[in-house]
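Text of query22.cif, listed as mmCIF, C-alpha atoms and all ligand atoms:
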data_work
#
loop_
_atom_site.group_PDB
_atom_site.id
_atom_site.type_symbol
_atom_site.label_atom_id
_atom_site.label_comp_id
_atom_site.auth_asym_id
_atom_site.auth_seq_id
_atom_site.Cartn_x
_atom_site.Cartn_y
_atom_site.Cartn_z
ATOM 1 C CA MET A 1 53.498 -95.773 136.087
ATOM 2 C CA ALA A 2 50.000 -96.202 137.637
ATOM 3 C CA ILE A 3 47.716 -98.504 135.687
ATOM 4 C CA ALA A 4 48.758 -99.715 132.256
ATOM 5 C CA GLU A 5 46.044 -100.763 129.825
ATOM 6 C CA GLY A 6 46.403 -102.783 126.664
ATOM 7 C CA SER A 7 44.698 -105.165 124.309
ATOM 8 C CA PHE A 8 45.193 -108.272 122.204
ATOM 9 C CA GLY A 9 43.257 -107.757 118.992
ATOM 10 C CA THR A 10 39.927 -105.980 119.391
ATOM 11 C CA ASN A 11 38.278 -108.448 121.757
ATOM 12 C CA ILE A 12 40.754 -108.913 124.632
ATOM 13 C CA ARG A 13 41.493 -106.138 127.122
ATOM 14 C CA TRP A 14 44.018 -106.220 129.957
ATOM 15 C CA ALA A 15 45.375 -103.928 132.655
ATOM 16 C CA PHE A 16 48.419 -104.084 134.932
ATOM 17 C CA THR A 17 48.499 -102.189 138.222
ATOM 18 C CA ASP A 18 50.984 -100.770 140.686
ATOM 19 C CA ARG A 19 50.136 -99.828 144.291
ATOM 20 C CA THR A 20 49.072 -96.224 143.695
ATOM 21 C CA MET A 21 45.677 -94.522 143.456
ATOM 22 C CA GLY A 22 43.683 -97.108 145.437
ATOM 23 C CA SER A 23 41.508 -97.086 148.555
ATOM 24 C CA SER A 24 43.384 -99.306 151.040
ATOM 25 C CA ALA A 25 45.096 -98.025 154.194
ATOM 26 C CA PRO A 26 48.664 -98.909 155.291
ATOM 27 C CA PRO A 27 50.255 -101.422 155.085
ATOM 28 C CA PHE A 28 48.077 -102.286 152.080
ATOM 29 C CA ASP A 29 48.213 -98.809 150.555
ATOM 30 C CA SER A 30 46.765 -98.343 148.355
ATOM 31 C CA LEU A 31 45.667 -100.338 145.272
ATOM 32 C CA ASN A 32 45.707 -103.756 146.940
ATOM 33 C CA LEU A 33 43.904 -106.384 144.844
ATOM 34 C CA ALA A 34 44.223 -109.376 147.222
ATOM 35 C CA GLU A 35 41.666 -110.549 149.774
ATOM 36 C CA HIS A 36 43.951 -112.998 151.599
ATOM 37 C CA VAL A 37 46.484 -110.494 153.005
ATOM 38 C CA GLY A 38 44.337 -109.039 155.822
ATOM 39 C CA ASP A 39 43.023 -105.905 154.119
ATOM 40 C CA ASP A 40 39.423 -104.647 154.515
ATOM 41 C CA PRO A 41 37.367 -106.543 151.865
ATOM 42 C CA GLN A 42 35.420 -103.379 151.042
ATOM 43 C CA PHE A 43 38.601 -101.625 149.996
ATOM 44 C CA VAL A 44 39.740 -104.624 147.968
ATOM 45 C CA ARG A 45 36.416 -104.611 146.153
ATOM 46 C CA GLN A 46 36.697 -100.877 145.441
ATOM 47 C CA ASN A 47 40.207 -101.385 144.111
ATOM 48 C CA ARG A 48 39.190 -104.318 141.917
ATOM 49 C CA ALA A 49 36.203 -102.352 140.615
ATOM 50 C CA LYS A 50 38.474 -99.513 139.576
ATOM 51 C CA VAL A 51 40.606 -101.869 137.484
ATOM 52 C CA SER A 52 37.776 -103.985 136.070
ATOM 53 C CA ALA A 53 35.961 -100.854 134.883
ATOM 54 C CA LEU A 54 38.975 -99.993 132.756
ATOM 55 C CA ILE A 55 38.634 -103.250 130.823
ATOM 56 C CA GLY A 56 34.853 -103.014 130.597
ATOM 57 C CA VAL A 57 33.868 -105.653 133.172
ATOM 58 C CA ASP A 58 31.737 -105.352 136.318
ATOM 59 C CA VAL A 59 33.558 -106.207 139.556
ATOM 60 C CA ASP A 60 31.125 -109.081 140.207
ATOM 61 C CA GLN A 61 32.554 -110.799 137.114
ATOM 62 C CA VAL A 62 36.147 -110.748 138.397
ATOM 63 C CA ILE A 63 37.519 -114.223 139.147
ATOM 64 C CA ALA A 64 40.545 -114.475 141.452
ATOM 65 C CA MET A 65 42.726 -117.446 142.391
ATOM 66 C CA ALA A 66 43.845 -118.887 145.713
ATOM 67 C CA PRO A 67 47.342 -119.842 144.531
ATOM 68 C CA VAL A 68 49.464 -122.581 146.057
ATOM 69 C CA HIS A 69 52.683 -122.163 144.016
ATOM 70 C CA GLY A 70 51.794 -125.181 141.885
ATOM 71 C CA ASN A 71 51.024 -125.617 138.209
ATOM 72 C CA ASP A 72 47.329 -126.575 138.129
ATOM 73 C CA VAL A 73 45.073 -124.541 135.824
ATOM 74 C CA GLY A 74 41.472 -123.554 136.571
ATOM 75 C CA ILE A 75 38.962 -123.321 133.717
ATOM 76 C CA VAL A 76 36.671 -120.307 134.165
ATOM 77 C CA ASP A 77 33.180 -120.168 132.678
ATOM 78 C CA SER A 78 29.923 -118.432 133.547
ATOM 79 C CA ALA A 79 29.380 -120.757 136.541
ATOM 80 C CA THR A 80 32.800 -120.274 138.173
ATOM 81 C CA VAL A 81 32.829 -118.836 141.701
ATOM 82 C CA SER A 82 35.747 -116.645 142.886
ATOM 83 C CA PRO A 83 38.298 -117.416 144.171
ATOM 84 C CA VAL A 84 39.227 -120.604 142.336
ATOM 85 C CA PRO A 85 41.064 -122.733 144.944
ATOM 86 C CA ASP A 86 44.470 -124.384 144.605
ATOM 87 C CA VAL A 87 45.444 -123.061 141.179
ATOM 88 C CA ASP A 88 48.221 -120.761 139.975
ATOM 89 C CA ALA A 89 46.754 -120.251 136.520
ATOM 90 C CA MET A 90 43.344 -119.845 134.883
ATOM 91 C CA VAL A 91 41.984 -120.029 131.337
ATOM 92 C CA SER A 92 38.689 -118.803 129.915
ATOM 93 C CA SER A 93 36.861 -118.495 126.627
ATOM 94 C CA THR A 94 33.748 -116.995 128.245
ATOM 95 C CA ALA A 95 33.139 -113.367 127.313
ATOM 96 C CA GLY A 96 32.394 -110.928 130.104
ATOM 97 C CA ARG A 97 34.435 -112.496 132.882
ATOM 98 C CA ALA A 98 37.717 -110.983 134.072
ATOM 99 C CA LEU A 99 40.620 -113.145 135.260
ATOM 100 C CA LEU A 100 42.677 -111.635 138.096
ATOM 101 C CA VAL A 101 46.262 -112.557 138.969
ATOM 102 C CA VAL A 102 48.148 -110.877 141.815
ATOM 103 C CA GLY A 103 51.735 -110.818 143.013
ATOM 104 C CA ALA A 104 54.321 -109.127 145.187
ATOM 105 C CA ASP A 105 57.697 -110.432 143.897
ATOM 106 C CA CYS A 106 56.197 -113.370 141.976
ATOM 107 C CA ALA A 107 55.424 -112.399 138.370
ATOM 108 C CA PRO A 108 51.806 -111.892 137.249
ATOM 109 C CA ILE A 109 51.300 -112.964 133.630
ATOM 110 C CA VAL A 110 48.408 -112.421 131.197
ATOM 111 C CA LEU A 111 48.043 -114.293 127.913
ATOM 112 C CA GLY A 112 45.636 -114.133 124.991
ATOM 113 C CA ASP A 113 44.807 -115.518 121.560
ATOM 114 C CA ALA A 114 42.484 -112.906 120.058
ATOM 115 C CA ILE A 115 41.518 -115.026 117.047
ATOM 116 C CA ALA A 116 40.432 -118.004 119.148
ATOM 117 C CA GLY A 117 39.000 -115.764 121.871
ATOM 118 C CA VAL A 118 40.940 -117.471 124.655
ATOM 119 C CA ILE A 119 42.535 -115.727 127.639
ATOM 120 C CA GLY A 120 44.763 -116.901 130.470
ATOM 121 C CA VAL A 121 46.599 -115.746 133.585
ATOM 122 C CA ALA A 122 49.410 -117.274 135.611
ATOM 123 C CA HIS A 123 51.341 -116.548 138.799
ATOM 124 C CA SER A 124 54.975 -117.659 138.847
ATOM 125 C CA GLY A 125 57.779 -117.404 141.357
ATOM 126 C CA TRP A 126 60.687 -119.817 141.656
ATOM 127 C CA ARG A 127 58.349 -122.726 142.310
ATOM 128 C CA GLY A 128 56.239 -121.732 139.314
ATOM 129 C CA ILE A 129 59.368 -121.804 137.182
ATOM 130 C CA GLU A 130 60.400 -125.177 138.645
ATOM 131 C CA SER A 131 56.996 -126.679 137.774
ATOM 132 C CA ASN A 132 56.700 -124.606 134.556
ATOM 133 C CA VAL A 133 53.256 -123.214 135.293
ATOM 134 C CA THR A 134 53.397 -121.072 132.157
ATOM 135 C CA ALA A 135 53.715 -124.193 129.970
ATOM 136 C CA SER A 136 50.645 -125.582 131.770
ATOM 137 C CA VAL A 137 48.566 -122.488 131.068
ATOM 138 C CA VAL A 138 49.608 -122.408 127.412
ATOM 139 C CA ALA A 139 48.638 -126.089 127.065
ATOM 140 C CA ALA A 140 45.266 -125.430 128.727
ATOM 141 C CA MET A 141 44.629 -122.512 126.362
ATOM 142 C CA CYS A 142 45.373 -124.757 123.376
ATOM 143 C CA ASP A 143 42.955 -127.379 124.747
ATOM 144 C CA VAL A 144 40.121 -124.871 124.265
ATOM 145 C CA GLY A 145 41.127 -123.673 120.802
ATOM 146 C CA ALA A 146 44.124 -121.357 121.106
ATOM 147 C CA GLN A 147 47.211 -121.807 118.920
ATOM 148 C CA VAL A 148 50.661 -121.273 120.362
ATOM 149 C CA ASP A 149 51.831 -119.119 117.460
ATOM 150 C CA ARG A 150 48.933 -116.717 118.055
ATOM 151 C CA ILE A 151 49.353 -116.372 121.827
ATOM 152 C CA THR A 152 50.908 -113.215 123.225
ATOM 153 C CA ALA A 153 51.933 -112.897 126.881
ATOM 154 C CA VAL A 154 52.679 -109.853 129.014
ATOM 155 C CA VAL A 155 54.907 -110.633 132.001
ATOM 156 C CA GLY A 156 54.546 -108.196 134.879
ATOM 157 C CA PRO A 157 56.964 -107.028 137.572
ATOM 158 C CA SER A 158 58.969 -109.447 139.734
ATOM 159 C CA ALA A 159 61.986 -109.537 142.008
ATOM 160 C CA CYS A 160 65.134 -109.023 139.918
ATOM 161 C CA GLY A 161 68.359 -110.987 139.936
ATOM 162 C CA GLN A 162 70.343 -108.409 141.903
ATOM 163 C CA CYS A 163 67.751 -108.069 144.678
ATOM 164 C CA TYR A 164 66.550 -111.651 145.071
ATOM 165 C CA SER A 165 69.185 -113.612 146.970
ATOM 166 C CA VAL A 166 68.740 -117.399 147.149
ATOM 167 C CA ASP A 167 70.579 -120.411 148.520
ATOM 168 C CA GLN A 168 72.221 -123.040 146.342
ATOM 169 C CA ALA A 169 69.298 -125.487 146.520
ATOM 170 C CA ARG A 170 66.686 -122.948 145.360
ATOM 171 C CA PHE A 171 69.068 -121.630 142.714
ATOM 172 C CA ASP A 172 69.692 -125.125 141.336
ATOM 173 C CA ALA A 173 66.007 -126.092 141.339
ATOM 174 C CA THR A 174 65.048 -122.951 139.432
ATOM 175 C CA VAL A 175 67.955 -122.780 137.005
ATOM 176 C CA SER A 176 67.512 -126.429 136.021
ATOM 177 C CA ALA A 177 64.048 -125.412 134.742
ATOM 178 C CA ALA A 178 65.048 -122.031 133.238
ATOM 179 C CA ALA A 179 68.734 -121.171 132.947
ATOM 180 C CA ASP A 180 67.994 -117.499 132.230
ATOM 181 C CA ALA A 181 66.658 -117.043 135.768
ATOM 182 C CA GLY A 182 70.074 -117.540 137.369
ATOM 183 C CA THR A 183 72.194 -114.505 138.231
ATOM 184 C CA LEU A 184 75.424 -113.732 140.042
ATOM 185 C CA ARG A 185 74.782 -110.799 142.366
ATOM 186 C CA GLU A 186 77.240 -107.930 142.803
ATOM 187 C CA ASP A 187 78.523 -109.385 146.079
ATOM 188 C CA GLY A 188 79.172 -112.720 144.377
ATOM 189 C CA SER A 189 76.165 -114.536 145.877
ATOM 190 C CA LEU A 190 73.489 -116.372 143.923
ATOM 191 C CA GLY A 191 70.348 -114.627 142.711
ATOM 192 C CA LEU A 192 67.203 -115.296 140.708
ATOM 193 C CA ASP A 193 65.505 -113.059 138.167
ATOM 194 C CA ILE A 194 61.987 -114.468 138.155
ATOM 195 C CA ARG A 195 60.749 -112.646 135.090
ATOM 196 C CA ARG A 196 63.705 -113.656 132.940
ATOM 197 C CA GLY A 197 63.046 -117.287 133.815
ATOM 198 C CA VAL A 198 59.347 -116.989 133.028
ATOM 199 C CA MET A 199 60.072 -115.299 129.713
ATOM 200 C CA GLN A 200 62.514 -118.037 128.735
ATOM 201 C CA GLN A 201 59.890 -120.700 129.448
ATOM 202 C CA LEU A 202 57.256 -118.864 127.401
ATOM 203 C CA ARG A 203 59.654 -118.338 124.497
ATOM 204 C CA ASP A 204 60.627 -122.014 124.631
ATOM 205 C CA ARG A 205 56.937 -122.871 124.123
ATOM 206 C CA GLY A 206 56.788 -120.510 121.109
ATOM 207 C CA VAL A 207 54.847 -117.686 122.794
ATOM 208 C CA ARG A 208 55.571 -114.020 122.011
ATOM 209 C CA THR A 209 56.368 -112.065 125.171
ATOM 210 C CA THR A 210 56.457 -108.460 126.282
ATOM 211 C CA THR A 211 56.926 -106.978 129.742
ATOM 212 C CA TRP A 212 55.428 -104.315 131.945
ATOM 213 C CA GLY A 213 56.972 -102.816 135.090
ATOM 214 C CA GLY A 214 60.332 -103.311 136.780
ATOM 215 C CA CYS A 215 61.703 -104.841 139.974
ATOM 216 C CA THR A 216 59.205 -105.168 142.833
ATOM 217 C CA MET A 217 61.916 -104.948 145.507
ATOM 218 C CA GLU A 218 63.396 -101.731 144.101
ATOM 219 C CA ASP A 219 60.304 -99.810 142.989
ATOM 220 C CA PRO A 220 58.388 -98.210 145.902
ATOM 221 C CA LYS A 221 55.306 -97.979 143.677
ATOM 222 C CA LEU A 222 55.073 -101.780 143.648
ATOM 223 C CA PHE A 223 54.220 -104.169 146.473
ATOM 224 C CA SER A 224 57.067 -106.416 147.632
ATOM 225 C CA TYR A 225 56.569 -109.199 150.147
ATOM 226 C CA ARG A 226 60.325 -109.683 150.513
ATOM 227 C CA ARG A 227 60.852 -105.982 151.232
ATOM 228 C CA ASP A 228 57.781 -105.247 153.379
ATOM 229 C CA GLY A 229 56.383 -108.505 154.808
ATOM 230 C CA ILE A 230 52.716 -107.739 155.519
ATOM 231 C CA THR A 231 51.650 -105.802 152.435
ATOM 232 C CA GLY A 232 49.242 -105.765 149.508
ATOM 233 C CA ARG A 233 49.357 -107.258 146.031
ATOM 234 C CA HIS A 234 49.424 -105.547 142.654
ATOM 235 C CA GLY A 235 48.572 -107.562 139.586
ATOM 236 C CA ALA A 236 46.760 -107.814 136.307
ATOM 237 C CA MET A 237 43.267 -108.401 134.935
ATOM 238 C CA ILE A 238 42.313 -109.670 131.507
ATOM 239 C CA ALA A 239 38.904 -110.061 129.894
ATOM 240 C CA LEU A 240 37.433 -111.321 126.675
ATOM 241 C CA THR A 241 34.753 -108.977 125.411
ATOM 242 C CA ASP A 242 32.490 -109.037 122.398
ATOM 243 C CA ARG A 243 32.523 -105.285 122.362
ATOM 244 C CA VAL A 244 35.109 -103.443 120.319
ATOM 245 C CA LYS A 245 36.458 -100.623 122.467
ATOM 246 C CA VAL A 246 37.180 -97.562 120.360
HETATM 247 ZN ZN ZN A 301 65.808 -105.486 141.881
#
With the file now loaded, output its structure as structure tokens.
Amino acid sequence: MAIAEGSFGTNIRWAFTDRTMGSSAPPFDSLNLAEHVGDDPQFVRQNRAKVSALIGVDVDQVIAMAPVHGNDVGIVDSATVSPVPDVDAMVSSTAGRALLVVGADCAPIVLGDAIAGVIGVAHSGWRGIESNVTASVVAAMCDVGAQVDRITAVVGPSACGQCYSVDQARFDATVSAAADAGTLREDGSLGLDIRRGVMQQLRDRGVRTTTWGGCTMEDPKLFSYRRDGITGRHGAMIALTDRVKV
């Protein structure tokens, strides 16, 4: 699996990561992209630099978030300092900056409108579904010139509906916002499939969706907070570039 690269049009590049081929030591081994988990910042920077180079951006231009499981959106321009506090989504139309979103069971999402030159990222778990953070990021993208029918989203790995067991209250809160997220697990208990819920919310807004990666709790090449506790974060980066990469 390793790192997956892709593009929207010729001017937007993105990459999704797993936990392999990075610099960090256990329990953050090895491609940990998050500063807040207790890893050595030098290793995090090396790991981020490896990913940002793939999409043609210097590591100093990478903007991360300090998420709070809400639905506020940060607007990133040439003056923005990383990390942007208290947001679970970011939008930019400034070329040369890379937006970083990380997760370990919550889904990382990248979005782009290549014609408008607008990019976005979002982080969504059950609380992100409840507050519909993906609708907020789509609205913020449209505020700076994107059009819904031109936006494409890639939804990364999350905890699946067989692995992620929840109580009735969390199930009800999530399913009332996105019915597709609700699952009945093999033992008859309630579960949530985060990515299915996120994809339903994006489709409901008229956004085309694709996916990358599988279940974080099942795949040992992905970080999982629910499986491992203290661990790293995989994720995705997206950048708007004036250069056409051949
Ligand atoms: Zn699973």
Of A:Leu54, A:Leu190, A:Val154, A:Leu99, the one sitting nearest Ile3 in chain A when using all atoms listed in the file is A:Leu54
Exercise. May I have the residues within 6 Å of ligand ZN 301 (chain A), computed using only C-alpha atoms and all ligand atoms, as a PyMOL selection string?
Key: chain A and resi 159-160+162-163+215+217-218
Residues as selected, C-alpha atoms, written as a PDB file, in the coordinates of the input, can you do that?
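Result went into selection_17.pdb, see below:
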ATOM      1  CA  ALA A 159      61.986-109.537 142.008  1.00  0.00           C
ATOM      2  CA  CYS A 160      65.134-109.023 139.918  1.00  0.00           C
ATOM      3  CA  GLN A 162      70.343-108.409 141.903  1.00  0.00           C
ATOM      4  CA  CYS A 163      67.751-108.069 144.678  1.00  0.00           C
ATOM      5  CA  CYS A 215      61.703-104.841 139.974  1.00  0.00           C
ATOM      6  CA  MET A 217      61.916-104.948 145.507  1.00  0.00           C
ATOM      7  CA  GLU A 218      63.396-101.731 144.101  1.00  0.00           C
TER       8      GLU A 218
END
From the list A:Gly117, A:Gly74, A:Gly214, A:Pro67, the nearest residue to Asp105 in chain A using only C-alpha atoms is A:Gly214
Exercise. Which residues come within 10 Å of Val133 in chain A, counting only C-alpha atoms, excluding same-chain residues fewer than 6 positions away, as a ChimeraX atom specification?
Worked result: /A:69-73,87-89,122-125,127,139,198,201-202
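Note that the spacing between CA of Thr80 in chain A and CA of Ala239 in chain A amounts to 14.5 Å.
Applied to the shown file, the PyMOL selection byres (((chain A and resi 146) around 10) and not hetatm) selects the residues Ser93, Gly112, Asp113, Ala114, Ile115, Ala116, Gly117, Val118, Ile119, Val138, Ala139, Ala140, Met141, Cys142, Asp143, Val144, Gly145, Gln147, Val148, Asp149, Arg150 and Ile151 of chain A.
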